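**Q** Here it is, the structure in full.
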Amino acid sequence: MGEAPALFVEDLLSENTNGFALKSKGSQTTTIVSDKTYLIGGTDDESTSTIEVQIFNRSTGQLIVPKVLGTKPKQCKGHSAVLLNEDRILIVKGDSSPDDCTWFLEVDTKFVRQQRESLETEVVAWSKGIRGEAEKPIVISGPSGVGKGTLIAKLMKEFPSMFGFSVSHTTRAPREKEKDGVHYHFTDRSVMEKAIKDGKFLEFAAVHGNLYGTSIEAVEVVADEGKRCILDIDVQGARSVRASTLEAIFIFICPPSFDELEKRLRERGTETEEQIQKRLRNAKTELEQGQSGGIFDHILVNNDLEACYESLKKLLGLEGIVSTTPKSLSELVDLPAVHSVSKIDQKILIICRPAEVDKASKQLFVLDVSALKGGAPGRTRGLNLYAVDTFANGVDGMKQL
Ligand SMILES: Nc1ncnc2c1ncn2[C@@H]1O[C@H](COP(=O)(O)OP(=O)(O)OP(=O)(O)O)[C@@H](O)[C@H]1O
Ligand SMILES: Nc1nc2c(ncn2[C@@H]2O[C@H](COP(=O)(O)O)[C@@H](O)[C@H]2O)c(=O)[nH]1
């Protein structure tokens, strides 16, 4: 936290109009949201490779660096900023790959308000914009040994381009065939506790004597691959995700009987007798909570593995579907570094400056934000970006937008 030189801040503020941010200092934009001015990008620190955020509080006259949650966007040659609905700022990056040009800086969404309260500091959160209707993440829960991992492995094998696994962090030791970064991020407790304190986790819980948690990044990485995220987490974690702003589908897997659950745990042969006893004790509570309503949308009994897998596929609308490749982004447009933005209702017009027209594929782009879904933690879905052929449509064509 530090005081801003008065002149500098006045310069920035004088360039603002009606909540729209204009270019101010190098690649920095300023956006006013009630009594705060968000200064985005363009810090003097050349070592910074990500877009930085500072907040000038006009009531107190202080310039602060907030805690920034979510993966930060990479610096680019130029960006524009538009305030949307008083709770998030849309950042349009120029000279960026088509799947990296729209980002949201959430400044007062439900997630940000929750985090501000729990971390007791000023918070903002980045969420990347994703084109189209990406599907909701899937939370799979159930007692240890019921077959969650087995079912998820089958799904990922049959539909490798459709689903991605959220790699959790855990403080437990790796099993013989487990790989760091693939099955789990195996982590020291102190490191994980610090990351939790820093707001890096969507959820975490003490499970069977160890700490487990889903980082925000683990979910974002999967969304960035254009895949649907699968979380394998315990009931406490499912409850936390249910209470969070992440919209997901919650599935609870039950064993056909308690004896069968014990048999599977023993036959897996990965735990000591003491650990098996602990997992079975916890299973009783998990089975009660999982089936008592309020958390899960669907309950599946994993008796016969193939039958349960077919039910899972049916529930996810995958019956008769053959694995597809991820949606191609090749048809998407390249935005120029120098552009201006204006907002008409829920449509953002991105206008290429004359000097850049030759470099850009089109002169005018429209970003439709009327159907936004999701947001931090995770990605903001439902964006629609398209180029408008102004020469063909002329002024009339633009009016129709
Ligand atoms: N329907 C089934 N019938 C018989 N055995 C099964 C069935 N489903 C899974 N198994 C076996 O049960 C054992 C436990 O399965 P799995 O490791 O997938 O459970 P899990 O729910 O992921 O456990 P954990 O929560 O401890 O990670 C494995 O050896 C697996 O092969
Ligand atoms: N709350 C969370 N629970 C998690 C997470 N990752 C895994 N788990 C659950 O832990 C138990 C035990 O797993 P194991 O690999 O040690 O057998 C199991 O029920 C998992 O679902 C997490 O990130 N958060």
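Each chain in the structure tokens gets a letter, A, B, ..., in the order shown, and its residues are numbered from 1; ligands are numbered from 1 in order too.
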Just the residues within 12 Å of Gln277 (chain A), please, counting only C-alpha atoms, with nothing from its chain fewer than 3 positions along; format it as a list of chain:residue names.

**A**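 In the requested format, the answer is A:Ser144, A:His208, A:Leu261, A:Glu262, A:Leu265, A:Arg266, A:Glu271, A:Thr272, A:Glu273, A:Glu274, A:Leu280, A:Arg281, A:Asn282, A:Ala283, A:Lys284.
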
**Q** Show me a table, sorted first by chain and then by increasing residue number, of the residues of chain A having an atom at most 8 Å from ligand 2, each with its shortest atom pair and the distance in Å to one decimal, counting only C-alpha atoms and all ligand atoms and written as a tab-separated table.

**A**
residue	atom	partner	partner_atom_place_in_ligand_line	distance
A:Ile140	CA	ligand 2	21 (O)	7.5
A:Ser141	CA	ligand 2	21 (O)	5.7
A:Gly142	CA	ligand 2	19 (O)	6.1
A:Pro143	CA	ligand 2	19 (O)	5.6
A:Ser144	CA	ligand 2	19 (O)	4.8
A:Gly145	CA	ligand 2	17 (O)	7.3
A:Lys148	CA	ligand 2	21 (O)	7.4
A:Val167	CA	ligand 2	23 (O)	7.4
A:Ser168	CA	ligand 2	23 (O)	4.2
A:His169	CA	ligand 2	23 (O)	5.9
A:Thr170	CA	ligand 2	6 (N)	6.9
A:Arg172	CA	ligand 2	16 (O)	6.9
A:Tyr184	CA	ligand 2	6 (N)	7.7
A:Glu203	CA	ligand 2	24 (N)	6.4
A:Phe204	CA	ligand 2	1 (N)	5.0
A:Ala205	CA	ligand 2	1 (N)	4.6
A:Ala206	CA	ligand 2	1 (N)	7.2
A:Val207	CA	ligand 2	10 (O)	5.7
A:His208	CA	ligand 2	12 (C)	7.0
A:Leu211	CA	ligand 2	2 (C)	7.9
A:Tyr212	CA	ligand 2	22 (C)	4.4
A:Gly213	CA	ligand 2	23 (O)	3.3
A:Thr214	CA	ligand 2	23 (O)	4.0
A:Ser215	CA	ligand 2	23 (O)	7.6
A:Leu231	CA	ligand 2	23 (O)	7.5
A:Asp232	CA	ligand 2	21 (O)	4.6
A:Ile233	CA	ligand 2	21 (O)	3.4
A:Asp234	CA	ligand 2	3 (N)	4.1
A:Val235	CA	ligand 2	1 (N)	6.8
A:Gln236	CA	ligand 2	1 (N)	5.7
A:Gly237	CA	ligand 2	1 (N)	3.5
A:Ala238	CA	ligand 2	1 (N)	6.8

**Q** Based on DSSP run over this structure's backbone, return all residues of region 37-266 of chain A in strand (DSSP E or B), as number ranges by chain.

**A** A: 37-40, 50, 53-57, 62-64, 67-69, 74, 79-84, 88-93, 102-106, 123-131, 138-141, 163-165, 169-170, 180, 184-186, 201-207, 210-215, 228-232, 249-254

**Q** Using only C-alpha atoms, which of the listed residues (A:His183, A:Ile40, A:Val65, A:Ile350) sits closest to Val338 (chain A)?

**A** A:Ile350

**Q** Go through region 164-213 of chain A and flag each residue having an atom no more than 9 Å from region 117-136 of chain A; for those, report the closest pair of atoms plus their distance in Å to one decimal, using only C-alpha atoms, ordered by chain and rising number, as a Markdown table.

**A**
| residue | atom | partner | partner_atom | distance |
| --- | --- | --- | --- | --- |
| A:Lys197 | CA | A:Leu119 | CA | 7.5 |
| A:Asp198 | CA | A:Leu119 | CA | 7.8 |
| A:Gly199 | CA | A:Leu119 | CA | 7.3 |

**Q** For those residues, write N, CA and C atoms to a file as a tab-separated table (two decimals), in the first residue's frame.

**A**
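Generated output (part-v4.tsv):
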chain	number	residue	atom	x	y	z
A	197	LYS	N	-4.60	-19.36	2.89
A	197	LYS	CA	-4.72	-18.01	3.48
A	197	LYS	C	-4.70	-16.94	2.42
A	198	ASP	N	-3.97	-17.19	1.33
A	198	ASP	CA	-3.85	-16.20	0.25
A	198	ASP	C	-5.03	-16.23	-0.71
A	199	GLY	N	-6.03	-17.05	-0.38
A	199	GLY	CA	-7.25	-17.08	-1.20
A	199	GLY	C	-7.10	-17.85	-2.49

**Q** Tell me, as a PDB file with all heavy atoms, in the first residue's frame, which residues lie within 10 Å of Ile152 (chain A), counting only C-alpha atoms; anything in the same chain fewer than 3 positions away does not count.

**A**
ATOM      1  N   ILE A 140     -17.900 -34.800  -8.287  1.00  0.00           N
ATOM      2  CA  ILE A 140     -18.227 -36.195  -7.957  1.00  0.00           C
ATOM      3  C   ILE A 140     -17.713 -36.485  -6.551  1.00  0.00           C
ATOM      4  O   ILE A 140     -16.542 -36.242  -6.232  1.00  0.00           O
ATOM      5  CB  ILE A 140     -17.621 -37.169  -8.994  1.00  0.00           C
ATOM      6  CG1 ILE A 140     -18.255 -36.870 -10.366  1.00  0.00           C
ATOM      7  CG2 ILE A 140     -17.844 -38.620  -8.566  1.00  0.00           C
ATOM      8  CD1 ILE A 140     -18.001 -37.888 -11.442  1.00  0.00           C
ATOM      9  N   GLY A 147     -15.547 -45.977  -5.733  1.00  0.00           N
ATOM     10  CA  GLY A 147     -15.294 -46.118  -7.177  1.00  0.00           C
ATOM     11  C   GLY A 147     -15.348 -44.805  -7.948  1.00  0.00           C
ATOM     12  O   GLY A 147     -15.449 -44.813  -9.175  1.00  0.00           O
ATOM     13  N   LYS A 148     -15.225 -43.679  -7.265  1.00  0.00           N
ATOM     14  CA  LYS A 148     -15.260 -42.363  -7.948  1.00  0.00           C
ATOM     15  C   LYS A 148     -14.145 -42.275  -8.986  1.00  0.00           C
ATOM     16  O   LYS A 148     -14.372 -41.933 -10.144  1.00  0.00           O
ATOM     17  CB  LYS A 148     -15.077 -41.208  -6.926  1.00  0.00           C
ATOM     18  CG  LYS A 148     -16.089 -41.179  -5.812  1.00  0.00           C
ATOM     19  CD  LYS A 148     -15.831 -40.045  -4.846  1.00  0.00           C
ATOM     20  CE  LYS A 148     -14.526 -40.156  -4.070  1.00  0.00           C
ATOM     21  NZ  LYS A 148     -14.432 -41.323  -3.170  1.00  0.00           N
ATOM     22  N   GLY A 149     -12.923 -42.581  -8.522  1.00  0.00           N
ATOM     23  CA  GLY A 149     -11.748 -42.485  -9.402  1.00  0.00           C
ATOM     24  C   GLY A 149     -11.882 -43.409 -10.598  1.00  0.00           C
ATOM     25  O   GLY A 149     -11.531 -43.046 -11.733  1.00  0.00           O
ATOM     26  N   LEU A 155     -14.523 -42.216 -17.844  1.00  0.00           N
ATOM     27  CA  LEU A 155     -15.080 -41.069 -18.577  1.00  0.00           C
ATOM     28  C   LEU A 155     -13.984 -40.336 -19.352  1.00  0.00           C
ATOM     29  O   LEU A 155     -14.138 -39.977 -20.513  1.00  0.00           O
ATOM     30  CB  LEU A 155     -15.732 -40.129 -17.555  1.00  0.00           C
ATOM     31  CG  LEU A 155     -16.837 -39.196 -18.006  1.00  0.00           C
ATOM     32  CD1 LEU A 155     -17.982 -39.958 -18.654  1.00  0.00           C
ATOM     33  CD2 LEU A 155     -17.348 -38.396 -16.810  1.00  0.00           C
ATOM     34  N   MET A 156     -12.852 -40.148 -18.678  1.00  0.00           N
ATOM     35  CA  MET A 156     -11.745 -39.406 -19.305  1.00  0.00           C
ATOM     36  C   MET A 156     -11.138 -40.224 -20.456  1.00  0.00           C
ATOM     37  O   MET A 156     -10.637 -39.671 -21.418  1.00  0.00           O
ATOM     38  CB  MET A 156     -10.651 -39.102 -18.281  1.00  0.00           C
ATOM     39  CG  MET A 156     -11.155 -38.387 -17.050  1.00  0.00           C
ATOM     40  SD  MET A 156     -10.880 -36.648 -17.073  1.00  0.00           S
ATOM     41  CE  MET A 156      -9.141 -36.599 -17.188  1.00  0.00           C
ATOM     42  N   LYS A 157     -11.170 -41.555 -20.292  1.00  0.00           N
ATOM     43  CA  LYS A 157     -10.594 -42.402 -21.346  1.00  0.00           C
ATOM     44  C   LYS A 157     -11.499 -42.398 -22.581  1.00  0.00           C
ATOM     45  O   LYS A 157     -11.020 -42.299 -23.707  1.00  0.00           O
ATOM     46  CB  LYS A 157     -10.433 -43.833 -20.813  1.00  0.00           C
ATOM     47  CG  LYS A 157      -9.658 -44.709 -21.743  1.00  0.00           C
ATOM     48  CD  LYS A 157      -9.278 -46.014 -21.106  1.00  0.00           C
ATOM     49  CE  LYS A 157      -8.582 -46.882 -22.136  1.00  0.00           C
ATOM     50  NZ  LYS A 157      -8.823 -48.287 -21.951  1.00  0.00           N
ATOM     51  N   GLU A 158     -12.804 -42.454 -22.344  1.00  0.00           N
ATOM     52  CA  GLU A 158     -13.718 -42.484 -23.498  1.00  0.00           C
ATOM     53  C   GLU A 158     -13.871 -41.113 -24.155  1.00  0.00           C
ATOM     54  O   GLU A 158     -14.054 -41.008 -25.357  1.00  0.00           O
ATOM     55  CB  GLU A 158     -15.101 -43.017 -23.083  1.00  0.00           C
ATOM     56  CG  GLU A 158     -15.985 -43.240 -24.290  1.00  0.00           C
ATOM     57  CD  GLU A 158     -17.342 -43.877 -23.973  1.00  0.00           C
ATOM     58  OE1 GLU A 158     -17.602 -44.200 -22.789  1.00  0.00           O
ATOM     59  OE2 GLU A 158     -18.125 -44.038 -24.907  1.00  0.00           O
ATOM     60  N   PHE A 163     -13.456 -33.896 -21.330  1.00  0.00           N
ATOM     61  CA  PHE A 163     -13.348 -33.710 -19.881  1.00  0.00           C
ATOM     62  C   PHE A 163     -11.902 -33.513 -19.450  1.00  0.00           C
ATOM     63  O   PHE A 163     -10.987 -34.087 -20.022  1.00  0.00           O
ATOM     64  CB  PHE A 163     -13.920 -34.929 -19.140  1.00  0.00           C
ATOM     65  CG  PHE A 163     -15.385 -35.119 -19.387  1.00  0.00           C
ATOM     66  CD1 PHE A 163     -15.828 -36.039 -20.317  1.00  0.00           C
ATOM     67  CD2 PHE A 163     -16.325 -34.355 -18.711  1.00  0.00           C
ATOM     68  CE1 PHE A 163     -17.184 -36.211 -20.572  1.00  0.00           C
ATOM     69  CE2 PHE A 163     -17.681 -34.504 -18.950  1.00  0.00           C
ATOM     70  CZ  PHE A 163     -18.111 -35.435 -19.881  1.00  0.00           C
ATOM     71  N   GLY A 164     -11.730 -32.703 -18.411  1.00  0.00           N
ATOM     72  CA  GLY A 164     -10.406 -32.518 -17.819  1.00  0.00           C
ATOM     73  C   GLY A 164     -10.543 -32.652 -16.313  1.00  0.00           C
ATOM     74  O   GLY A 164     -11.561 -32.245 -15.723  1.00  0.00           O
ATOM     75  N   PHE A 165      -9.533 -33.240 -15.696  1.00  0.00           N
ATOM     76  CA  PHE A 165      -9.585 -33.510 -14.261  1.00  0.00           C
ATOM     77  C   PHE A 165      -9.003 -32.336 -13.475  1.00  0.00           C
ATOM     78  O   PHE A 165      -7.937 -31.813 -13.816  1.00  0.00           O
ATOM     79  CB  PHE A 165      -8.780 -34.792 -13.990  1.00  0.00           C
ATOM     80  CG  PHE A 165      -8.863 -35.282 -12.576  1.00  0.00           C
ATOM     81  CD1 PHE A 165     -10.075 -35.635 -12.013  1.00  0.00           C
ATOM     82  CD2 PHE A 165      -7.712 -35.379 -11.798  1.00  0.00           C
ATOM     83  CE1 PHE A 165     -10.153 -36.089 -10.704  1.00  0.00           C
ATOM     84  CE2 PHE A 165      -7.774 -35.828 -10.496  1.00  0.00           C
ATOM     85  CZ  PHE A 165      -8.999 -36.192  -9.947  1.00  0.00           C
ATOM     86  N   ILE A 230     -13.881 -31.925 -14.115  1.00  0.00           N
ATOM     87  CA  ILE A 230     -14.416 -32.908 -13.158  1.00  0.00           C
ATOM     88  C   ILE A 230     -13.648 -32.788 -11.845  1.00  0.00           C
ATOM     89  O   ILE A 230     -12.419 -32.852 -11.824  1.00  0.00           O
ATOM     90  CB  ILE A 230     -14.251 -34.351 -13.672  1.00  0.00           C
ATOM     91  CG1 ILE A 230     -14.900 -34.506 -15.043  1.00  0.00           C
ATOM     92  CG2 ILE A 230     -14.847 -35.335 -12.682  1.00  0.00           C
ATOM     93  CD1 ILE A 230     -14.823 -35.914 -15.606  1.00  0.00           C
ATOM     94  N   LEU A 231     -14.386 -32.605 -10.752  1.00  0.00           N
ATOM     95  CA  LEU A 231     -13.762 -32.532  -9.425  1.00  0.00           C
ATOM     96  C   LEU A 231     -14.111 -33.794  -8.643  1.00  0.00           C
ATOM     97  O   LEU A 231     -15.298 -34.147  -8.543  1.00  0.00           O
ATOM     98  CB  LEU A 231     -14.288 -31.329  -8.623  1.00  0.00           C
ATOM     99  CG  LEU A 231     -13.852 -29.934  -9.041  1.00  0.00           C
ATOM    100  CD1 LEU A 231     -14.639 -29.445 -10.250  1.00  0.00           C
ATOM    101  CD2 LEU A 231     -14.045 -28.956  -7.894  1.00  0.00           C
ATOM    102  N   ASP A 232     -13.094 -34.477  -8.110  1.00  0.00           N
ATOM    103  CA  ASP A 232     -13.300 -35.643  -7.232  1.00  0.00           C
ATOM    104  C   ASP A 232     -12.984 -35.163  -5.829  1.00  0.00           C
ATOM    105  O   ASP A 232     -11.807 -35.038  -5.446  1.00  0.00           O
ATOM    106  CB  ASP A 232     -12.348 -36.763  -7.695  1.00  0.00           C
ATOM    107  CG  ASP A 232     -12.346 -37.978  -6.759  1.00  0.00           C
ATOM    108  OD1 ASP A 232     -12.883 -37.887  -5.634  1.00  0.00           O
ATOM    109  OD2 ASP A 232     -11.787 -39.016  -7.161  1.00  0.00           O
ATOM    110  N   TYR A 309     -21.573 -46.757 -14.832  1.00  0.00           N
ATOM    111  CA  TYR A 309     -20.933 -45.861 -15.804  1.00  0.00           C
ATOM    112  C   TYR A 309     -21.944 -45.410 -16.870  1.00  0.00           C
ATOM    113  O   TYR A 309     -21.974 -44.243 -17.250  1.00  0.00           O
ATOM    114  CB  TYR A 309     -19.722 -46.577 -16.434  1.00  0.00           C
ATOM    115  CG  TYR A 309     -19.009 -45.733 -17.459  1.00  0.00           C
ATOM    116  CD1 TYR A 309     -18.478 -44.491 -17.109  1.00  0.00           C
ATOM    117  CD2 TYR A 309     -18.869 -46.161 -18.783  1.00  0.00           C
ATOM    118  CE1 TYR A 309     -17.839 -43.691 -18.056  1.00  0.00           C
ATOM    119  CE2 TYR A 309     -18.225 -45.382 -19.725  1.00  0.00           C
ATOM    120  CZ  TYR A 309     -17.714 -44.143 -19.363  1.00  0.00           C
ATOM    121  OH  TYR A 309     -17.081 -43.355 -20.289  1.00  0.00           O
ATOM    122  N   LEU A 312     -24.095 -42.809 -15.419  1.00  0.00           N
ATOM    123  CA  LEU A 312     -23.372 -41.532 -15.322  1.00  0.00           C
ATOM    124  C   LEU A 312     -23.377 -40.829 -16.683  1.00  0.00           C
ATOM    125  O   LEU A 312     -23.627 -39.624 -16.783  1.00  0.00           O
ATOM    126  CB  LEU A 312     -21.933 -41.795 -14.844  1.00  0.00           C
ATOM    127  CG  LEU A 312     -21.009 -40.585 -14.740  1.00  0.00           C
ATOM    128  CD1 LEU A 312     -21.522 -39.581 -13.713  1.00  0.00           C
ATOM    129  CD2 LEU A 312     -19.581 -41.010 -14.369  1.00  0.00           C
TER     130      LEU A 312
END

**Q** If you run DSSP over the backbone, which residues in region 43-134 of chain A end up helix (DSSP H, G or I)? Put them as JSON, numbers by chain.

**A** {"A": [98, 99, 100, 110, 111, 112, 113, 114, 115, 116, 117, 118, 119]}

**Q** Using only C-alpha atoms, which of A:Leu84, A:Thr102, A:Glu225, A:Val139 sits nearest Ser161 (chain A)?

**A** A:Glu225

**Q** Env of Val366 (chain A): 10 Å cut, atoms = only C-alpha atoms, seq-sep filter 4 positions within chain, self excluded. Answer as a count of residues only.

**A** 15

**Q** Between CA of Ser80 (chain A) and CA of Val221 (chain A), what is the spacing in Å?

**A**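 Computing it gives 24.7 Å between the two atoms.
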
**Q** Take CA of Lys313 (chain A) and atom 21 (O, counted along the ligand's line) of ligand 1 and report the distance between them in Å, one decimal.

**A**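 Straight-line distance from CA of Lys313 (chain A) to atom 21 (O, counted along the ligand's line) of ligand 1 works out to 17.3 Å.
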
**Q** Determine, counting only C-alpha atoms, which protein, DNA and RNA residues have an atom within 10 Å of an atom of region 200-202 of chain A; residues of the same chain fewer than 2 positions away are not included. Present the result as an NGL selection string.

**A** :A and (68-71 or 168-169 or 192-198 or 204 or 213-219 or 237 or 240-241 or 244-246 or 376-378)
